[in-house]
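For reference, model33.tsv is printed below; it contains TSV, C-alpha atoms.
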chain	number	residue	atom	x	y	z
A	1	MET	CA	52.94	-43.41	-39.38
A	2	THR	CA	56.16	-41.83	-38.13
A	3	TRP	CA	58.93	-43.60	-36.23
A	4	LEU	CA	57.92	-41.64	-33.15
A	5	GLU	CA	54.36	-42.97	-33.41
A	6	GLU	CA	55.69	-46.51	-33.88
A	7	ALA	CA	57.92	-46.20	-30.81
A	8	LEU	CA	55.11	-44.67	-28.74
A	9	GLY	CA	52.87	-47.59	-29.68
A	10	CYS	CA	55.46	-50.13	-28.53
A	11	ILE	CA	56.10	-48.29	-25.26
A	12	LYS	CA	52.37	-47.97	-24.52
A	13	LEU	CA	51.86	-51.71	-25.05
A	14	ILE	CA	54.76	-52.61	-22.78
A	15	ASP	CA	53.52	-50.17	-20.15
A	16	SER	CA	50.03	-51.68	-20.17
A	17	HIS	CA	50.96	-55.39	-20.37
A	18	CYS	CA	54.17	-55.74	-18.37
A	19	GLY	CA	55.38	-55.51	-14.79
A	20	SER	CA	58.17	-53.32	-13.51
A	21	GLU	CA	60.91	-55.95	-13.92
A	22	ALA	CA	60.14	-56.50	-17.62
A	23	LYS	CA	59.91	-52.74	-18.16
A	24	SER	CA	63.30	-52.10	-16.58
A	25	ALA	CA	64.85	-54.97	-18.57
A	26	PHE	CA	63.40	-53.47	-21.76
A	27	ARG	CA	64.84	-50.08	-20.77
A	28	THR	CA	68.29	-51.64	-20.48
A	29	ARG	CA	67.99	-53.21	-23.94
A	30	ALA	CA	66.68	-49.94	-25.39
A	31	ARG	CA	69.83	-48.22	-24.14
A	32	GLN	CA	72.17	-50.92	-25.49
A	33	ILE	CA	70.82	-52.04	-28.86
A	34	PRO	CA	71.12	-48.73	-30.78
A	35	SER	CA	74.91	-48.75	-30.32
A	36	ASP	CA	75.03	-52.42	-31.36
A	37	ILE	CA	73.14	-51.50	-34.54
A	38	TYR	CA	75.44	-48.55	-35.20
A	39	TYR	CA	78.69	-50.45	-34.67
A	40	ILE	CA	77.86	-54.00	-35.76
A	41	GLY	CA	74.59	-53.82	-37.70
A	42	THR	CA	70.92	-54.64	-37.40
A	43	ALA	CA	71.35	-58.27	-38.44
A	44	TYR	CA	73.81	-58.96	-35.63
A	45	ALA	CA	71.78	-57.02	-33.05
A	46	PHE	CA	68.62	-58.87	-34.03
A	47	ALA	CA	70.41	-62.24	-33.87
A	48	VAL	CA	71.55	-61.39	-30.33
A	49	LEU	CA	67.98	-60.50	-29.32
A	50	ALA	CA	66.72	-63.84	-30.67
A	51	ALA	CA	69.58	-65.78	-29.08
A	52	ARG	CA	69.02	-64.27	-25.64
A	53	SER	CA	65.23	-64.58	-25.63
A	54	GLY	CA	64.47	-67.35	-28.08
A	55	GLU	CA	63.06	-67.07	-31.58
A	56	LYS	CA	59.71	-68.38	-30.35
A	57	ALA	CA	59.08	-65.35	-28.12
A	58	ILE	CA	59.89	-62.75	-30.77
A	59	TYR	CA	57.98	-64.55	-33.52
A	60	ALA	CA	54.91	-65.43	-31.45
A	61	PRO	CA	51.70	-65.39	-33.47
A	62	GLY	CA	49.37	-62.41	-33.48
A	63	ASP	CA	49.79	-58.68	-33.52
A	64	LEU	CA	52.29	-56.74	-31.41
A	65	ALA	CA	49.87	-56.39	-28.49
A	66	ASN	CA	49.40	-60.18	-28.35
A	67	LYS	CA	53.16	-60.78	-28.57
A	68	ILE	CA	53.95	-58.32	-25.80
A	69	GLY	CA	51.21	-59.73	-23.59
A	70	ALA	CA	52.45	-63.29	-24.17
A	71	ILE	CA	56.05	-62.33	-23.42
A	72	CYS	CA	55.15	-60.59	-20.17
A	73	ARG	CA	52.81	-63.36	-19.00
A	74	GLY	CA	55.22	-66.09	-20.05
A	75	ASP	CA	57.84	-67.94	-18.08
A	76	LEU	CA	60.94	-66.18	-19.44
A	77	GLY	CA	63.29	-64.68	-16.90
A	78	LYS	CA	63.49	-60.93	-16.41
A	79	GLU	CA	66.44	-60.38	-18.77
A	80	GLU	CA	65.02	-62.70	-21.42
A	81	LYS	CA	61.77	-60.72	-21.34
A	82	GLY	CA	63.70	-57.52	-21.98
A	83	TYR	CA	65.40	-59.04	-25.02
A	84	ALA	CA	62.14	-60.53	-26.31
A	85	LEU	CA	60.19	-57.28	-25.88
A	86	TYR	CA	62.83	-55.29	-27.72
A	87	GLY	CA	63.01	-57.97	-30.42
A	88	ALA	CA	59.23	-57.93	-30.91
A	89	CYS	CA	59.18	-54.14	-31.23
A	90	LEU	CA	62.13	-54.15	-33.62
A	91	LEU	CA	60.54	-56.91	-35.70
A	92	GLU	CA	57.40	-54.78	-36.06
A	93	ALA	CA	59.51	-51.87	-37.33
A	94	LEU	CA	61.41	-54.12	-39.74
A	95	LYS	CA	58.08	-55.23	-41.17
A	96	LYS	CA	57.38	-51.57	-42.03
A	97	LEU	CA	60.64	-51.54	-44.02
A	98	GLY	CA	59.58	-54.57	-46.05
A	99	ILE	CA	61.88	-57.03	-44.28
A	100	PRO	CA	60.43	-60.57	-44.13
A	101	THR	CA	59.19	-61.26	-40.61
A	102	GLY	CA	57.93	-64.83	-40.84
A	103	ASN	CA	60.96	-66.51	-39.29
A	104	LEU	CA	64.44	-65.72	-38.02
A	105	VAL	CA	66.35	-67.12	-41.01
A	106	ASP	CA	64.43	-65.05	-43.58
A	107	THR	CA	64.68	-61.91	-41.45
A	108	LEU	CA	68.43	-62.27	-40.95
A	109	LYS	CA	69.06	-63.02	-44.64
A	110	ALA	CA	67.15	-59.89	-45.68
A	111	LEU	CA	68.93	-57.78	-43.07
A	112	ASP	CA	72.29	-59.07	-44.25
A	113	GLU	CA	71.41	-58.28	-47.89
A	114	ARG	CA	70.27	-54.72	-47.13
A	115	GLY	CA	72.99	-54.11	-44.52
A	116	ALA	CA	73.81	-50.48	-43.81
A	117	VAL	CA	70.68	-49.25	-45.59
A	118	VAL	CA	68.47	-50.85	-42.92
A	119	ASP	CA	70.82	-49.64	-40.18
A	120	MET	CA	70.28	-46.05	-41.35
A	121	GLU	CA	66.54	-46.49	-41.87
A	122	ILE	CA	65.98	-47.98	-38.41
A	123	ALA	CA	68.25	-45.56	-36.50
A	124	GLU	CA	65.52	-42.99	-35.80
A	125	TYR	CA	63.14	-45.66	-34.49
A	126	VAL	CA	65.62	-47.21	-32.07
A	127	ASP	CA	66.64	-43.75	-30.86
A	128	TRP	CA	62.99	-42.95	-30.10
A	129	LEU	CA	62.63	-46.28	-28.26
A	130	LYS	CA	65.69	-45.42	-26.19
A	131	LYS	CA	64.50	-41.94	-25.24
A	132	LEU	CA	60.95	-43.05	-24.45
A	133	ALA	CA	62.06	-46.09	-22.42
A	134	GLU	CA	64.43	-43.90	-20.41
A	135	ALA	CA	61.65	-41.41	-19.73
A	136	LYS	CA	58.93	-43.94	-18.94
A	137	PHE	CA	60.54	-46.94	-17.23
A	138	GLU	CA	62.64	-47.14	-14.07
A	139	LYS	CA	66.26	-48.32	-14.04
A	140	GLU	CA	67.05	-51.87	-13.00
A	141	GLU	CA	68.03	-52.20	-9.36

Take the structure I supplied and represent it as structure tokens, if you would.
Amino acid sequence: MTWLEEALGCIKLIDSHCGSEAKSAFRTRARQIPSDIYYIGTAYAFAVLAARSGEKAIYAPGDLANKIGAICRGDLGKEEKGYALYGACLLEALKKLGIPTGNLVDTLKALDERGAVVDMEIAEYVDWLKKLAEAKFEKEE
């Protein structure tokens, strides 16, 4: 599967499971996080996503569709949903790179160890997420 296909899958799930507020909050995160990854690194960006949404939301049990559905049905605020949705999609991509995705500590340790290599590997995916979110979802008002 290509990074474009991965990003399309994430966008389709958000589009089918989430309301307009969560979609616009995701769009905002999709525009911000790639520059965070470029300048500061994937580990830091992922830690911010978890801090702003809660580890529990990003690491919810089940496949990506179940996670996205749970995030959008849950009681998180609009901004927290945006962070959690982006974190869940990014976690799914990190899994494809062989990064441990069982808990936040293991994920962050692996990201720190692989550093710039992961940043380069994930760059195409987060760029696709940004472009697709901009095309599909409305700006926040």

(request) Compare A:Ala25, A:Ile40, A:Asp15, A:Asn103 by their minimum atom-to-atom distance to A:Lys56, counting all atoms listed in the file, and give me the closest one. (result) A:Asn103

(message) Using Å and a single decimal, report how far atom CA of A:Ala43 sits from atom CA of A:Phe137.
(response)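 Computing it gives 26.4 Å between the two atoms.
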
(message) Quick one: residues within 8 Å of A:Phe26, only C-alpha atoms, excluding same-chain residues fewer than 4 positions away - as a list in words?
(response)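 That gives Ala22, Ala30, Lys81, Gly82, Tyr83, Leu85, Tyr86 and Ala133 of chain A.
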
(request) For atom CA of A:Ala110 and atom CA of A:Arg29, quote the distance in Å rounded to one decimal. (result)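 We find that atom CA of A:Ala110 and atom CA of A:Arg29 lie 22.8 Å from each other.
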
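The closest residue to A:Ile99, picked from A:Ile11, A:Thr42, A:Ala50, A:Asp63 and counting only C-alpha atoms, is A:Thr42.
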
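Closest approach to A:Gly62 from the set A:Ala93, A:Ala88, A:Ala135, A:Val117 is made by A:Ala88, with distances taken over only C-alpha atoms.
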
(request) Determine, counting all atoms listed in the file, which protein, DNA and RNA residues have an atom within 12 Å of an atom of A:Lys12; residues of the same chain fewer than 5 positions away are not included. Present the result as an MDAnalysis selection string. (result) chainID A and resid 5:7 17:18 23 64:65 68:69 89 129 132:133 136:137

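The shortest atom-to-atom distance to A:Lys78, with all atoms listed in the file taken into account, belongs to A:Glu21 out of A:Asp106, A:Asp127, A:Glu21, A:Glu138.
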
(message) Report, in Å to a single decimal, how far apart atom CA of A:Ala84 and atom CA of A:Gly54 are.
(response) 7.4 Å

(request) For A:Lys109, please output as number ranges by chain all residues within 12 Å (counting only C-alpha atoms; exclusion window: fewer than 2 positions along the same chain). (result) A: 42-44, 46-47, 99-107, 111-115

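Distance annotation: of A:Cys72, A:Ala57, A:Ile33, A:Ala45, the residue with the minimal separation from A:Gly19 is A:Cys72; atom set is only C-alpha atoms.
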
(request) Rank A:Gly77, A:Gly98, A:Gly87, A:Gly41 by their smallest atom-to-atom distance to A:Glu55, using all atoms listed in the file, and report the top residue only. (result)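 Looking only at the distances to A:Glu55, the closest residue turns out to be A:Gly87.
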